[in-house]
Amino acid sequence: MSASTSIARRVRPMLLVAPVAALAALALVLGTALAYDTYTNNGDVITNCAKCHGDFRAAGYISKVDGQPWTDDLHDTHRNTMLGGDCDTCHFSNRRVPTYIGKSNGGDGLGAFGCVGCHGRSQDGTGTDTNGWGAGLRQVHFRAGETVCVNCHADSDPANKTPVGENVLPEYYANPGTGHNIPTDPCNPAPTYPENYQASTLGLDNDGDGTFDEADPDCNLTAATPGETSGSGLDALLITSIDTALGVMSISYGPACVATDNRIVYGALADVGVYGYSGQECAIGNTGTYDWSYPADPPSMFFLVVADDGQHEGSYGTDSAGAERPAWGAAPTCPLPQDLTQRCD
């Protein structure tokens, strides 16, 4: 059998059932322009964020939130204290100016998200690149009387959108990469207060509701369990390439909130209507990509990527009627109980 015949046999049926089961499909993701998408236009101090927050490299920064003077400038606090000199976390291409809010080269082990990697959450996104991730940050500004963002972003007004809770991790918190000092708890708990850099007395308010740290009601909930991989606002589950000679399929997906790992759950395509799961690939990581040495049997299949936190499985997603797909409760390979009562999304 030729490689092209094998691809048609294995992949085309998956494309046909994708509208029913929200399964993987080949796609090309195109970038879109953002309004107010850089800290300054050209390194000046009169445009965009710099108009209020000043030169990112100037000494004597005073916090707009708690009025505290910082002991170092914004640039070196981010570059050195938080990121260990990893410039690619924030900068795009080989240029240092302009610095984009929603994209970068991606640091060591970090996604290419730029500022919103810490100052936004993917669960607030629109599903296109990092658009929408900064809804909570825009609402912080709106509540402070800086309403310019609403001219392009309706979600800046709290009346139009309720961002996910403060306890939901920004992408860089969930996956802080290598050699960085990035916080991993958005609730900024005592006694370490991981978001309090320099002389700060308050952390971030990423849900934009005006309450900070452990005073935010979202930070006093029962420990959340994972939501849905590639759920609302996250990158779709896609097949990015397939090598039929080696039997390797490369996939990409949007990691679920509070997930620490994922597993692939698959079954014969003929059984997709009854969710006839027949196998699993455990511990595929939480990076958003995976090269899967898929099994020869079944010859045509459907599959899902399901999040877990080491203790519970997340959602298997919903069907075309909006009902939760059933979990594989008796999974023999990597069994974990599912708990959706405290799901983070």
# chains A, B, ... in the order shown; residues from 1 in each chain; ligands from 1
>>> residues_around(residues="region 143-157 of chain A", least_positions_apart="5", cutoff="12 Å", atoms="only C-alpha atoms", output="JSON, numbers by chain")
{"A": [33, 34, 35, 36, 37, 48, 49, 51, 52, 64, 65, 124, 125, 126, 131, 132, 133, 134, 135, 136, 137, 138, 162, 163, 205, 207, 208, 209, 210, 211]}
>>> closest_atom_pairs(of="region 54-146 of chain A", to="region 277-286 of chain A", cutoff="12 Å", atoms="only C-alpha atoms", output="Markdown table")
| residue | atom | partner | partner_atom | distance |
| --- | --- | --- | --- | --- |
| A:Gly109 | CA | A:Asn286 | CA | 11.4 |
| A:Leu110 | CA | A:Asn286 | CA | 11.6 |
| A:Gly111 | CA | A:Asn286 | CA | 11.6 |
>>> select_by_dssp(residues="region 157-303 of chain A", states="strand (DSSP E or B)", output="count of residues only")
34
>>> select_by_dssp(residues="region 61-93 of chain A", states="helix (DSSP H, G or I)", output="VMD selection string")
chain A and resid 74 to 82 87 to 89
>>> write_last_selection(atoms="N, CA and C atoms", output="mmCIF file, in the first residue's frame")
data_model
loop_
_atom_site.group_PDB
_atom_site.id
_atom_site.type_symbol
_atom_site.label_atom_id
_atom_site.label_comp_id
_atom_site.auth_asym_id
_atom_site.auth_seq_id
_atom_site.Cartn_x
_atom_site.Cartn_y
_atom_site.Cartn_z
ATOM 1 N N LEU A 74 11.785 48.289 35.376
ATOM 2 C CA LEU A 74 10.887 47.254 34.881
ATOM 3 C C LEU A 74 11.630 46.229 34.025
ATOM 4 N N HIS A 75 12.510 46.710 33.171
ATOM 5 C CA HIS A 75 13.205 45.822 32.243
ATOM 6 C C HIS A 75 14.061 44.795 32.977
ATOM 7 N N ASP A 76 14.932 45.258 33.875
ATOM 8 C CA ASP A 76 15.849 44.329 34.531
ATOM 9 C C ASP A 76 15.149 43.440 35.547
ATOM 10 N N THR A 77 14.054 43.925 36.116
ATOM 11 C CA THR A 77 13.281 43.056 37.008
ATOM 12 C C THR A 77 12.709 41.880 36.227
ATOM 13 N N HIS A 78 12.177 42.163 35.045
ATOM 14 C CA HIS A 78 11.652 41.082 34.214
ATOM 15 C C HIS A 78 12.787 40.223 33.651
ATOM 16 N N ARG A 79 13.772 40.868 33.049
ATOM 17 C CA ARG A 79 14.826 40.128 32.364
ATOM 18 C C ARG A 79 15.674 39.295 33.318
ATOM 19 N N ASN A 80 16.133 39.896 34.406
ATOM 20 C CA ASN A 80 17.096 39.229 35.276
ATOM 21 C C ASN A 80 16.449 38.513 36.454
ATOM 22 N N THR A 81 15.593 39.218 37.197
ATOM 23 C CA THR A 81 15.012 38.621 38.399
ATOM 24 C C THR A 81 14.041 37.501 38.046
ATOM 25 N N MET A 82 13.205 37.736 37.037
ATOM 26 C CA MET A 82 12.193 36.744 36.682
ATOM 27 C C MET A 82 12.685 35.712 35.676
ATOM 28 N N CYS A 87 16.067 36.653 27.066
ATOM 29 C CA CYS A 87 15.441 37.759 26.335
ATOM 30 C C CYS A 87 14.338 37.306 25.380
ATOM 31 N N ASP A 88 14.458 36.089 24.842
ATOM 32 C CA ASP A 88 13.480 35.624 23.860
ATOM 33 C C ASP A 88 12.090 35.427 24.453
ATOM 34 N N THR A 89 11.999 35.398 25.773
ATOM 35 C CA THR A 89 10.686 35.269 26.400
ATOM 36 C C THR A 89 9.787 36.434 26.012
#
>>> residues_around(residues="Trp70 (chain A)", least_positions_apart="4", cutoff="9 Å", atoms="only C-alpha atoms", output="PyMOL selection string")
chain A and resi 59-63+74+197-200
>>> atom_distance(atom1="CA of Asp261 (chain A)", atom2="CA of Ala215 (chain A)")
29.3 Å
>>> residues_around(residues="Tyr100 (chain A)", least_positions_apart="6", cutoff="8 Å", atoms="only C-alpha atoms", output="list of chain:residue names")
A:Asp37, A:Thr38, A:Tyr39, A:Cys90, A:His91, A:Phe92, A:Gly114, A:Cys115
>>> residues_around(residues="Asp235 (chain A)", least_positions_apart="4", cutoff="10 Å", atoms="only C-alpha atoms", output="PyMOL selection string")
chain A and resi 29+122-123+125-130+229-231+252-256+288
>>> write_last_selection(atoms="C-alpha atoms", output="PDB file, in the first residue's frame")
ATOM      1  CA  VAL A  29      -3.209  28.815  11.700  1.00  0.00           C
ATOM      2  CA  SER A 122      -5.507  31.424  27.485  1.00  0.00           C
ATOM      3  CA  GLN A 123      -8.945  30.492  28.842  1.00  0.00           C
ATOM      4  CA  GLY A 125      -8.926  33.856  24.578  1.00  0.00           C
ATOM      5  CA  THR A 126     -10.958  33.927  21.402  1.00  0.00           C
ATOM      6  CA  GLY A 127      -9.191  30.884  19.965  1.00  0.00           C
ATOM      7  CA  THR A 128      -7.032  32.939  17.575  1.00  0.00           C
ATOM      8  CA  ASP A 129      -3.402  33.280  18.670  1.00  0.00           C
ATOM      9  CA  THR A 130      -3.300  35.178  22.011  1.00  0.00           C
ATOM     10  CA  THR A 229      -7.749  20.076  26.664  1.00  0.00           C
ATOM     11  CA  SER A 230      -8.282  22.245  23.567  1.00  0.00           C
ATOM     12  CA  GLY A 231     -11.459  23.581  25.161  1.00  0.00           C
ATOM     13  CA  SER A 252      -0.715  19.913  18.733  1.00  0.00           C
ATOM     14  CA  TYR A 253      -3.284  20.887  21.357  1.00  0.00           C
ATOM     15  CA  GLY A 254      -4.157  23.578  23.876  1.00  0.00           C
ATOM     16  CA  PRO A 255      -3.188  22.496  27.435  1.00  0.00           C
ATOM     17  CA  ALA A 256      -6.066  22.632  29.914  1.00  0.00           C
ATOM     18  CA  GLY A 288       1.005  21.457  23.589  1.00  0.00           C
TER      19      GLY A 288
END
>>> closest_residue(among="A:Thr289, A:Ile251, A:Leu246, A:Met301", to="Ala268 (chain A)", atoms="only C-alpha atoms")
A:Met301
>>> residues_around(residues="Glu166 (chain A)", least_positions_apart="6", cutoff="8 Å", atoms="only C-alpha atoms", output="list of chain:residue names")
A:Pro186, A:Cys187, A:Asp205, A:Asn206, A:Asp207, A:Asp213, A:Asp216, A:Asp218, A:Cys219
>>> closest_residue(among="A:Cys118, A:Leu169, A:Ala50, A:Ala224", to="Cys344 (chain A)", atoms="only C-alpha atoms")
A:Ala224
>>> closest_residue(among="A:Val45, A:Phe302, A:Ser241, A:Glu214", to="Ala190 (chain A)", atoms="only C-alpha atoms")
A:Glu214
>>> closest_residue(among="A:Ser232, A:Ser104, A:Thr225, A:Thr47", to="Ala259 (chain A)", atoms="only C-alpha atoms")
A:Thr225
>>> atom_distance(atom1="CA of Asp86 (chain A)", atom2="CA of Gly203 (chain A)")
22.0 Å
